[in-house]
Every structure is written in structure tokens, then in C-alpha cells.
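Text of work-v1.tsv (TSV, N, CA and C atoms and all ligand atoms) as supplied:
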```tsv
chain	number	residue	atom	x	y	z
Q	1	MET	N	180.39	36.71	28.28
Q	1	MET	CA	180.32	35.45	27.53
Q	1	MET	C	178.96	35.35	26.83
Q	2	PRO	N	178.97	34.82	25.61
Q	2	PRO	CA	177.70	34.63	24.90
Q	2	PRO	C	176.80	33.61	25.61
Q	3	GLN	N	175.52	33.70	25.33
Q	3	GLN	CA	174.58	32.73	25.86
Q	3	GLN	C	174.07	31.85	24.72
Q	4	MET	N	173.99	30.56	25.02
Q	4	MET	CA	173.49	29.60	24.05
Q	4	MET	C	172.21	28.99	24.60
Q	5	THR	N	171.15	29.12	23.83
Q	5	THR	CA	169.87	28.54	24.24
Q	5	THR	C	169.56	27.36	23.34
Q	6	VAL	N	169.31	26.22	23.95
Q	6	VAL	CA	168.89	25.03	23.20
Q	6	VAL	C	167.43	24.79	23.56
Q	7	GLU	N	166.58	24.87	22.55
Q	7	GLU	CA	165.14	24.75	22.76
Q	7	GLU	C	164.82	23.47	23.53
Q	8	GLY	N	164.05	23.62	24.60
Q	8	GLY	CA	163.64	22.47	25.39
Q	8	GLY	C	164.68	21.98	26.37
Q	9	VAL	N	165.85	22.60	26.35
Q	9	VAL	CA	166.94	22.18	27.26
Q	9	VAL	C	167.28	23.27	28.26
Q	10	GLY	N	167.59	24.48	27.76
Q	10	GLY	CA	167.92	25.58	28.67
Q	10	GLY	C	168.84	26.58	28.02
Q	11	THR	N	169.29	27.55	28.82
Q	11	THR	CA	170.19	28.61	28.37
Q	11	THR	C	171.48	28.53	29.18
Q	12	PHE	N	172.60	28.63	28.48
Q	12	PHE	CA	173.90	28.39	29.11
Q	12	PHE	C	174.90	29.45	28.66
Q	13	GLU	N	175.77	29.85	29.56
Q	13	GLU	CA	176.88	30.72	29.17
Q	13	GLU	C	177.95	29.85	28.54
Q	14	VAL	N	178.51	30.33	27.44
Q	14	VAL	CA	179.51	29.55	26.71
Q	14	VAL	C	180.73	30.43	26.45
Q	15	PRO	N	181.92	29.85	26.44
Q	15	PRO	CA	183.13	30.65	26.20
Q	15	PRO	C	183.16	31.22	24.79
Q	16	THR	N	183.52	32.49	24.68
Q	16	THR	CA	183.67	33.13	23.37
Q	16	THR	C	184.72	32.38	22.56
Q	17	GLY	N	184.38	32.09	21.31
Q	17	GLY	CA	185.32	31.44	20.41
Q	17	GLY	C	185.29	29.92	20.44
Q	18	LYS	N	184.56	29.35	21.39
Q	18	LYS	CA	184.51	27.88	21.45
Q	18	LYS	C	183.68	27.33	20.30
Q	19	ARG	N	184.09	26.20	19.78
Q	19	ARG	CA	183.29	25.56	18.73
Q	19	ARG	C	181.90	25.25	19.28
Q	20	VAL	N	180.88	25.54	18.50
Q	20	VAL	CA	179.50	25.33	18.95
Q	20	VAL	C	179.26	23.86	19.27
Q	21	VAL	N	179.79	22.97	18.46
Q	21	VAL	CA	179.56	21.54	18.70
Q	21	VAL	C	180.10	21.12	20.08
Q	22	LEU	N	181.22	21.71	20.49
Q	22	LEU	CA	181.78	21.37	21.81
Q	22	LEU	C	180.97	22.01	22.92
Q	23	ALA	N	180.49	23.24	22.69
Q	23	ALA	CA	179.66	23.90	23.71
Q	23	ALA	C	178.35	23.14	23.90
Q	24	LEU	N	177.79	22.61	22.82
Q	24	LEU	CA	176.55	21.83	22.95
Q	24	LEU	C	176.79	20.63	23.86
Q	25	SER	N	177.94	20.00	23.73
Q	25	SER	CA	178.25	18.85	24.56
Q	25	SER	C	178.67	19.26	25.97
Q	26	ASP	N	179.59	20.21	26.06
Q	26	ASP	CA	180.21	20.53	27.35
Q	26	ASP	C	179.33	21.42	28.23
Q	27	GLU	N	178.93	22.57	27.71
Q	27	GLU	CA	178.17	23.52	28.53
Q	27	GLU	C	176.68	23.17	28.57
Q	28	CYS	N	176.14	22.73	27.44
Q	28	CYS	CA	174.70	22.44	27.39
Q	28	CYS	C	174.39	21.01	27.81
Q	29	GLY	N	175.39	20.14	27.74
Q	29	GLY	CA	175.23	18.77	28.23
Q	29	GLY	C	174.31	17.89	27.40
Q	30	ILE	N	174.21	18.17	26.11
Q	30	ILE	CA	173.34	17.33	25.28
Q	30	ILE	C	174.19	16.33	24.48
Q	31	ASP	N	173.51	15.30	23.98
Q	31	ASP	CA	174.18	14.22	23.26
Q	31	ASP	C	174.22	14.52	21.76
Q	32	GLN	N	174.78	15.68	21.43
Q	32	GLN	CA	174.88	16.11	20.03
Q	32	GLN	C	175.78	15.17	19.24
Q	33	LEU	N	175.31	14.71	18.10
Q	33	LEU	CA	176.14	13.86	17.25
Q	33	LEU	C	177.22	14.69	16.56
Q	34	HIS	N	178.36	14.05	16.28
Q	34	HIS	CA	179.45	14.67	15.51
Q	34	HIS	C	180.29	13.53	14.94
Q	35	ALA	N	179.65	12.77	14.08
Q	35	ALA	CA	180.20	11.49	13.63
Q	35	ALA	C	181.56	11.59	12.95
Q	36	CYS	N	181.81	12.65	12.20
Q	36	CYS	CA	183.09	12.74	11.47
Q	36	CYS	C	184.16	13.43	12.30
Q	37	GLY	N	183.84	13.76	13.53
Q	37	GLY	CA	184.85	14.37	14.41
Q	37	GLY	C	185.08	15.85	14.15
Q	38	GLY	N	184.09	16.50	13.54
Q	38	GLY	CA	184.17	17.95	13.38
Q	38	GLY	C	184.88	18.41	12.12
Q	39	PHE	N	184.91	17.56	11.11
Q	39	PHE	CA	185.62	17.90	9.87
Q	39	PHE	C	184.69	18.41	8.76
Q	40	GLY	N	183.44	18.65	9.06
Q	40	GLY	CA	182.54	19.20	8.05
Q	40	GLY	C	182.21	18.23	6.94
Q	41	ARG	N	182.12	16.95	7.26
Q	41	ARG	CA	181.85	15.96	6.21
Q	41	ARG	C	180.52	15.25	6.38
Q	42	CYS	N	180.07	15.04	7.61
Q	42	CYS	CA	178.97	14.09	7.83
Q	42	CYS	C	177.60	14.74	7.96
Q	43	THR	N	177.54	15.95	8.43
Q	43	THR	CA	176.33	16.74	8.73
Q	43	THR	C	175.55	16.22	9.93
Q	44	THR	N	176.07	15.25	10.67
Q	44	THR	CA	175.33	14.80	11.87
Q	44	THR	C	175.35	15.84	12.98
Q	45	CYS	N	176.21	16.83	12.89
Q	45	CYS	CA	176.27	17.88	13.91
Q	45	CYS	C	175.29	19.00	13.61
Q	46	ARG	N	174.41	18.80	12.64
Q	46	ARG	CA	173.51	19.88	12.21
Q	46	ARG	C	172.57	20.33	13.33
Q	47	VAL	N	172.27	21.61	13.29
Q	47	VAL	CA	171.30	22.20	14.20
Q	47	VAL	C	170.41	23.12	13.36
Q	48	THR	N	169.26	23.47	13.90
Q	48	THR	CA	168.43	24.48	13.27
Q	48	THR	C	168.54	25.74	14.10
Q	49	MET	N	168.99	26.82	13.45
Q	49	MET	CA	169.18	28.09	14.14
Q	49	MET	C	167.86	28.85	14.19
Q	50	ILE	N	167.53	29.30	15.37
Q	50	ILE	CA	166.32	30.11	15.56
Q	50	ILE	C	166.68	31.58	15.63
Q	51	SER	N	167.82	31.88	16.23
Q	51	SER	CA	168.32	33.27	16.24
Q	51	SER	C	169.83	33.24	16.42
Q	52	GLY	N	170.45	34.35	16.00
Q	52	GLY	CA	171.89	34.50	16.18
Q	52	GLY	C	172.73	33.80	15.14
Q	53	GLU	N	172.13	33.44	14.02
Q	53	GLU	CA	172.87	32.70	12.98
Q	53	GLU	C	173.97	33.57	12.39
Q	54	PRO	N	175.21	33.07	12.35
Q	54	PRO	CA	176.29	33.81	11.70
Q	54	PRO	C	176.03	33.95	10.20
Q	55	GLU	N	176.41	35.10	9.64
Q	55	GLU	CA	176.20	35.31	8.21
Q	55	GLU	C	177.14	34.47	7.37
Q	56	LYS	N	178.40	34.41	7.79
Q	56	LYS	CA	179.39	33.66	7.01
Q	56	LYS	C	179.43	32.22	7.46
Q	57	LEU	N	179.88	31.37	6.56
Q	57	LEU	CA	180.07	29.98	6.89
Q	57	LEU	C	181.40	29.52	6.31
Q	58	THR	N	181.89	28.40	6.81
Q	58	THR	CA	183.15	27.92	6.25
Q	58	THR	C	182.89	27.32	4.87
Q	59	LYS	N	183.94	27.29	4.08
Q	59	LYS	CA	183.83	26.68	2.75
Q	59	LYS	C	183.45	25.21	2.90
Q	60	ALA	N	184.00	24.53	3.91
Q	60	ALA	CA	183.67	23.12	4.13
Q	60	ALA	C	182.18	22.95	4.39
Q	61	GLU	N	181.61	23.85	5.20
Q	61	GLU	CA	180.18	23.76	5.49
Q	61	GLU	C	179.36	24.01	4.22
Q	62	ARG	N	179.70	25.04	3.50
Q	62	ARG	CA	178.95	25.34	2.29
Q	62	ARG	C	179.03	24.18	1.30
Q	63	ASP	N	180.22	23.60	1.17
Q	63	ASP	CA	180.39	22.51	0.20
Q	63	ASP	C	179.56	21.29	0.56
Q	64	VAL	N	179.57	20.89	1.84
Q	64	VAL	CA	178.86	19.66	2.20
Q	64	VAL	C	177.35	19.90	2.20
Q	65	LEU	N	176.90	21.09	2.60
Q	65	LEU	CA	175.46	21.38	2.55
Q	65	LEU	C	174.98	21.43	1.10
Q	66	THR	N	175.81	21.96	0.23
Q	66	THR	CA	175.46	21.98	-1.19
Q	66	THR	C	175.38	20.56	-1.74
Q	67	ALA	N	176.37	19.74	-1.42
Q	67	ALA	CA	176.42	18.36	-1.93
Q	67	ALA	C	175.22	17.55	-1.47
Q	68	LYS	N	174.71	17.84	-0.28
Q	68	LYS	CA	173.58	17.08	0.25
Q	68	LYS	C	172.24	17.76	-0.01
Q	69	GLY	N	172.27	18.87	-0.76
Q	69	GLY	CA	171.03	19.55	-1.10
Q	69	GLY	C	170.39	20.26	0.08
Q	70	LEU	N	171.20	20.66	1.06
Q	70	LEU	CA	170.67	21.25	2.29
Q	70	LEU	C	170.96	22.74	2.43
Q	71	LEU	N	171.70	23.31	1.48
Q	71	LEU	CA	172.15	24.69	1.65
Q	71	LEU	C	170.99	25.67	1.76
Q	72	SER	N	169.90	25.39	1.09
Q	72	SER	CA	168.77	26.34	1.11
Q	72	SER	C	167.78	26.05	2.22
Q	73	THR	N	168.06	25.06	3.06
Q	73	THR	CA	167.16	24.77	4.18
Q	73	THR	C	167.32	25.84	5.25
Q	74	ALA	N	166.28	26.60	5.49
Q	74	ALA	CA	166.37	27.75	6.40
Q	74	ALA	C	166.86	27.35	7.77
Q	75	GLY	N	167.91	28.04	8.22
Q	75	GLY	CA	168.40	27.85	9.58
Q	75	GLY	C	169.27	26.64	9.80
Q	76	LEU	N	169.39	25.78	8.81
Q	76	LEU	CA	170.18	24.56	9.02
Q	76	LEU	C	171.67	24.90	8.94
Q	77	ARG	N	172.40	24.61	9.99
Q	77	ARG	CA	173.84	24.88	10.05
Q	77	ARG	C	174.56	23.71	10.72
Q	78	LEU	N	175.85	23.66	10.48
Q	78	LEU	CA	176.68	22.62	11.08
Q	78	LEU	C	177.36	23.19	12.33
Q	79	SER	N	177.08	22.58	13.46
Q	79	SER	CA	177.62	23.13	14.72
Q	79	SER	C	179.14	23.00	14.81
Q	80	CYS	N	179.71	22.07	14.04
Q	80	CYS	CA	181.18	21.93	14.09
Q	80	CYS	C	181.88	23.02	13.29
Q	81	GLN	N	181.11	23.77	12.50
Q	81	GLN	CA	181.73	24.78	11.63
Q	81	GLN	C	181.46	26.21	12.12
Q	82	MET	N	180.96	26.33	13.34
Q	82	MET	CA	180.68	27.65	13.91
Q	82	MET	C	181.35	27.76	15.27
Q	83	THR	N	181.64	29.00	15.66
Q	83	THR	CA	182.15	29.26	17.00
Q	83	THR	C	181.18	30.18	17.73
Q	84	CYS	N	181.29	30.21	19.03
Q	84	CYS	CA	180.40	31.01	19.88
Q	84	CYS	C	180.91	32.45	19.91
Q	85	GLU	N	180.24	33.32	19.15
Q	85	GLU	CA	180.65	34.72	19.09
Q	85	GLU	C	179.57	35.66	19.60
Q	86	ASN	N	178.34	35.20	19.66
Q	86	ASN	CA	177.21	36.03	20.08
Q	86	ASN	C	176.13	35.08	20.62
Q	87	ASP	N	175.08	35.67	21.18
Q	87	ASP	CA	173.98	34.85	21.68
Q	87	ASP	C	173.34	34.09	20.52
Q	88	MET	N	172.99	32.83	20.76
Q	88	MET	CA	172.41	31.98	19.73
Q	88	MET	C	171.31	31.13	20.34
Q	89	THR	N	170.30	30.84	19.53
Q	89	THR	CA	169.25	29.89	19.94
Q	89	THR	C	169.12	28.82	18.88
Q	90	PHE	N	169.06	27.57	19.33
Q	90	PHE	CA	169.05	26.42	18.42
Q	90	PHE	C	167.91	25.48	18.75
Q	91	ARG	N	167.59	24.70	17.74
Q	91	ARG	CA	166.87	23.44	17.95
Q	91	ARG	C	167.89	22.36	17.62
Q	92	ALA	N	168.15	21.49	18.58
Q	92	ALA	CA	169.15	20.43	18.38
Q	92	ALA	C	168.41	19.12	18.14
Q	93	GLU	N	168.43	18.69	16.88
Q	93	GLU	CA	167.60	17.54	16.49
Q	93	GLU	C	168.42	16.32	16.12
Q	94	SER	N	169.73	16.47	15.99
Q	94	SER	CA	170.57	15.36	15.56
Q	94	SER	C	171.37	14.87	16.77
Q	95	ARG	N	170.71	14.00	17.53
Q	95	ARG	CA	171.28	13.58	18.81
Q	95	ARG	C	171.43	12.07	18.89
Q	96	LEU	N	172.27	11.63	19.80
Q	96	LEU	CA	172.56	10.20	19.93
Q	96	LEU	C	171.29	9.41	20.25
Q	97	ALA	N	170.50	9.91	21.17
Q	97	ALA	CA	169.28	9.20	21.56
Q	97	ALA	C	168.40	8.98	20.34
Q	98	GLY	N	168.07	7.75	20.08
Q	98	GLY	CA	167.19	7.41	18.96
Q	98	GLY	C	167.89	7.31	17.62
Q	99	SER	N	169.20	7.56	17.59
Q	99	SER	CA	169.92	7.55	16.31
Q	99	SER	C	170.32	6.14	15.88
Q	100	GLY	N	170.41	5.22	16.83
Q	100	GLY	CA	170.90	3.88	16.52
Q	100	GLY	C	172.41	3.78	16.49
Q	101	ARG	N	173.09	4.90	16.70
Q	101	ARG	CA	174.55	4.89	16.71
Q	101	ARG	C	175.08	4.46	18.07
Q	102	ALA	N	176.32	3.99	18.08
Q	102	ALA	CA	176.93	3.52	19.32
Q	102	ALA	C	177.40	4.68	20.20
Q	103	ASP	N	177.80	5.78	19.56
Q	103	ASP	CA	178.27	6.94	20.33
Q	103	ASP	C	178.11	8.19	19.48
Q	104	CYS	N	178.48	9.33	20.07
Q	104	CYS	CA	178.29	10.61	19.36
Q	104	CYS	C	179.33	10.82	18.26
Q	105	GLY	N	180.45	10.12	18.33
Q	105	GLY	CA	181.54	10.30	17.39
Q	105	GLY	C	182.77	10.80	18.13
Q	106	ARG	N	183.91	10.74	17.43
Q	106	ARG	CA	185.15	11.21	18.05
Q	106	ARG	C	185.03	12.69	18.41
Q	107	ARG	N	185.59	13.06	19.58
Q	107	ARG	CA	185.48	14.45	20.01
Q	107	ARG	C	186.23	15.36	19.02
Q	108	PRO	N	185.53	16.39	18.51
Q	108	PRO	CA	186.21	17.35	17.63
Q	108	PRO	C	187.32	18.08	18.37
Q	109	SER	N	188.32	18.52	17.63
Q	109	SER	CA	189.41	19.29	18.25
Q	109	SER	C	188.88	20.65	18.68
Q	110	ASP	N	189.69	21.38	19.44
Q	110	ASP	CA	189.25	22.68	19.95
Q	110	ASP	C	189.15	23.73	18.85
Q	111	GLU	N	189.85	23.53	17.75
Q	111	GLU	CA	189.87	24.53	16.67
Q	111	GLU	C	189.08	24.04	15.46
Q	112	LEU	N	188.56	25.00	14.70
Q	112	LEU	CA	187.82	24.65	13.49
Q	112	LEU	C	188.69	23.81	12.57
Q	113	GLU	N	188.09	22.80	11.98
Q	113	GLU	CA	188.73	21.97	10.96
Q	113	GLU	C	187.70	21.74	9.87
Q	114	PRO	N	188.11	21.40	8.64
Q	114	PRO	CA	189.49	21.16	8.20
Q	114	PRO	C	190.25	22.46	7.98
Q	115	LYS	N	191.58	22.37	8.08
Q	115	LYS	CA	192.46	23.50	7.83
Q	115	LYS	C	192.88	23.48	6.35
Q	116	PRO	N	193.16	24.60	5.73
Q	116	PRO	CA	192.95	25.93	6.30
Q	116	PRO	C	191.47	26.29	6.30
Q	117	VAL	N	191.03	27.03	7.32
Q	117	VAL	CA	189.63	27.42	7.42
Q	117	VAL	C	189.42	28.65	6.54
Q	118	GLU	N	188.45	28.53	5.63
Q	118	GLU	CA	188.15	29.64	4.72
Q	118	GLU	C	186.67	30.00	4.91
Q	119	PHE	N	186.40	31.28	5.21
Q	119	PHE	CA	185.01	31.72	5.38
Q	119	PHE	C	184.50	32.27	4.06
Q	120	VAL	N	183.24	31.93	3.75
Q	120	VAL	CA	182.63	32.33	2.49
Q	120	VAL	C	181.21	32.84	2.78
Q	121	GLN	N	180.62	33.48	1.79
Q	121	GLN	CA	179.22	33.87	1.89
Q	121	GLN	C	178.35	32.67	1.53
Q	122	ARG	N	177.09	32.72	1.92
Q	122	ARG	CA	176.19	31.59	1.72
Q	122	ARG	C	175.98	31.27	0.25
Q	123	VAL	N	175.90	32.29	-0.59
Q	123	VAL	CA	175.63	32.03	-2.01
Q	123	VAL	C	176.89	32.16	-2.83
Q	201	LIG	S1	180.01	17.69	9.73
Q	201	LIG	FE1	180.66	15.96	10.83
Q	201	LIG	S2	180.79	16.67	12.86
Q	201	LIG	FE2	180.17	18.42	11.75
```

Mind converting the file's structure to C-alpha cells?
Amino acid sequence: MPQMTVEGVGTFEVPTGKRVVLALSDECGIDQLHACGGFGRCTTCRVTMISGEPEKLTKAERDVLTAKGLLSTAGLRLSCQMTCENDMTFRAESRLAGSGRADCGRRPSDELEPKPVEFVQRV
């Protein structure tokens, strides 16, 4: 099983293929935001990747990061648009604590959304 390290929190074994946003909540136990429910629209599930960043991203991720002017921000990725395929290290900065929100958002489904999932290159 891959290992997920969250800076300042710890290192955790995570199931292969699990959505990163769910692993952050379930295995790592952090209050990761996911306001749109994992549909690649809100960017509240963003993390900063320190290592293990996947080369490809979903079209939904690329589109929303482009629309918000975030695509060129080094290491910034949407945890709802990635799955656990290899060891990864993150900085998790978009969390419920201090956000002023009532909750983290509706729990994302177990599978990547929106469907159909299309993987694209960053540029
Ligand atoms: S973009 Fe909204 S939860 Fe990922």
C-alpha cells in the first residue's frame, strides 16, 4: 500500500486507488475541506504536493485551476481529483479549522467525479 505523508501530521498507509481527499479524511484523520463534494469545482480540497505528484490530471482539475489562475502554482493540486497510486507527501492547508465554514462539505463518492473522467497533460 502507498504511504501518504501530511506535513506536521504524520505518515499513513492508504489503500491503492482510493481518492486522496478521502484518504486525507479517513486514514490521515485531518479536517480537509471538500466543499463541492469532490466534483472538481470549488478548489477547497487543494493541497500542496511536496513529492509524489502525479504527472497527469483530470480535465476537471485542469479546467478549474485554469479558471482560477492557479494552474501554474507549483505543487498545487486538487485532492478530490487524484487517487493514491504511489507514495506522496503533502502540505494540507485548506482545512475546516479556521475556515469559518460549518463543515468540511458533503463526503465525496468513492470514485473520481465528474464522469466521464478524462486525464490530460498539465499544459
Ligand atoms: S474541487 Fe471541490 S472538493 Fe475538490

Set the distance at 7 Å and use only N, CA and C atoms: which residues neighbour stretch 24-32 of chain Q once local chain neighbours fewer than 3 positions away are removed? I'd like the list as a list in words.
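Surrounding residues, per the criterion: Phe12, Glu13, Val14, Arg19, Val20, Val21, Ala35, Thr44, Cys45, Ser94, Arg95, Leu96, Ala97, Cys104 and Gly105 of chain Q.
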
Quick one: residues within 7 Å of ligand LIG 201 (chain Q), with all atoms listed in the file, as a compact mmCIF listing (two decimals) with N, CA and C atoms, in the frame of the given file?
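File written: out_3.txt
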```
# COMPACT_ATOMS: atom_id res chain seq x y z
N LEU Q 33 175.31 14.71 18.10
CA LEU Q 33 176.14 13.86 17.25
C LEU Q 33 177.22 14.69 16.56
N HIS Q 34 178.36 14.05 16.28
CA HIS Q 34 179.45 14.67 15.51
C HIS Q 34 180.29 13.53 14.94
N ALA Q 35 179.65 12.77 14.08
CA ALA Q 35 180.20 11.49 13.63
C ALA Q 35 181.56 11.59 12.95
N CYS Q 36 181.81 12.65 12.20
CA CYS Q 36 183.09 12.74 11.47
C CYS Q 36 184.16 13.43 12.30
N GLY Q 37 183.84 13.76 13.53
CA GLY Q 37 184.85 14.37 14.41
C GLY Q 37 185.08 15.85 14.15
N GLY Q 38 184.09 16.50 13.54
CA GLY Q 38 184.17 17.95 13.38
C GLY Q 38 184.88 18.41 12.12
N PHE Q 39 184.91 17.56 11.11
CA PHE Q 39 185.62 17.90 9.87
C PHE Q 39 184.69 18.41 8.76
N GLY Q 40 183.44 18.65 9.06
CA GLY Q 40 182.54 19.20 8.05
C GLY Q 40 182.21 18.23 6.94
N ARG Q 41 182.12 16.95 7.26
CA ARG Q 41 181.85 15.96 6.21
C ARG Q 41 180.52 15.25 6.38
N CYS Q 42 180.07 15.04 7.61
CA CYS Q 42 178.97 14.09 7.83
C CYS Q 42 177.60 14.74 7.96
N THR Q 43 177.54 15.95 8.43
CA THR Q 43 176.33 16.74 8.73
C THR Q 43 175.55 16.22 9.93
N THR Q 44 176.07 15.25 10.67
CA THR Q 44 175.33 14.80 11.87
C THR Q 44 175.35 15.84 12.98
N CYS Q 45 176.21 16.83 12.89
CA CYS Q 45 176.27 17.88 13.91
C CYS Q 45 175.29 19.00 13.61
N ARG Q 46 174.41 18.80 12.64
CA ARG Q 46 173.51 19.88 12.21
C ARG Q 46 172.57 20.33 13.33
N LEU Q 78 175.85 23.66 10.48
CA LEU Q 78 176.68 22.62 11.08
C LEU Q 78 177.36 23.19 12.33
N SER Q 79 177.08 22.58 13.46
CA SER Q 79 177.62 23.13 14.72
C SER Q 79 179.14 23.00 14.81
N CYS Q 80 179.71 22.07 14.04
CA CYS Q 80 181.18 21.93 14.09
C CYS Q 80 181.88 23.02 13.29
N GLN Q 81 181.11 23.77 12.50
CA GLN Q 81 181.73 24.78 11.63
C GLN Q 81 181.46 26.21 12.12
```

Please give the complete set of residues from chain Q that DSSP, run on the backbone, assigns to strand (DSSP E or B), formatted as an MDAnalysis selection string.
chainID Q and resid 3:6 10:13 19 32 46:51 57:58 76:78 83 88:91 95 119:120

How many Å separate atom CA of Q:Thr11 from atom C of Q:Ser51?
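Between atom CA of Q:Thr11 and atom C of Q:Ser51 the gap works out to 12.8 Å.
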
Can you tell me, as a list of chain:residue names, what residues are no more than 10 Å from Q:Pro54 when counting only C-alpha atoms, ignoring any on the same chain fewer than 4 positions away?
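That gives Q:Met49, Q:Arg77, Q:Met82, Q:Thr83, Q:Cys84, Q:Glu85, Q:Asn86, Q:Met88.
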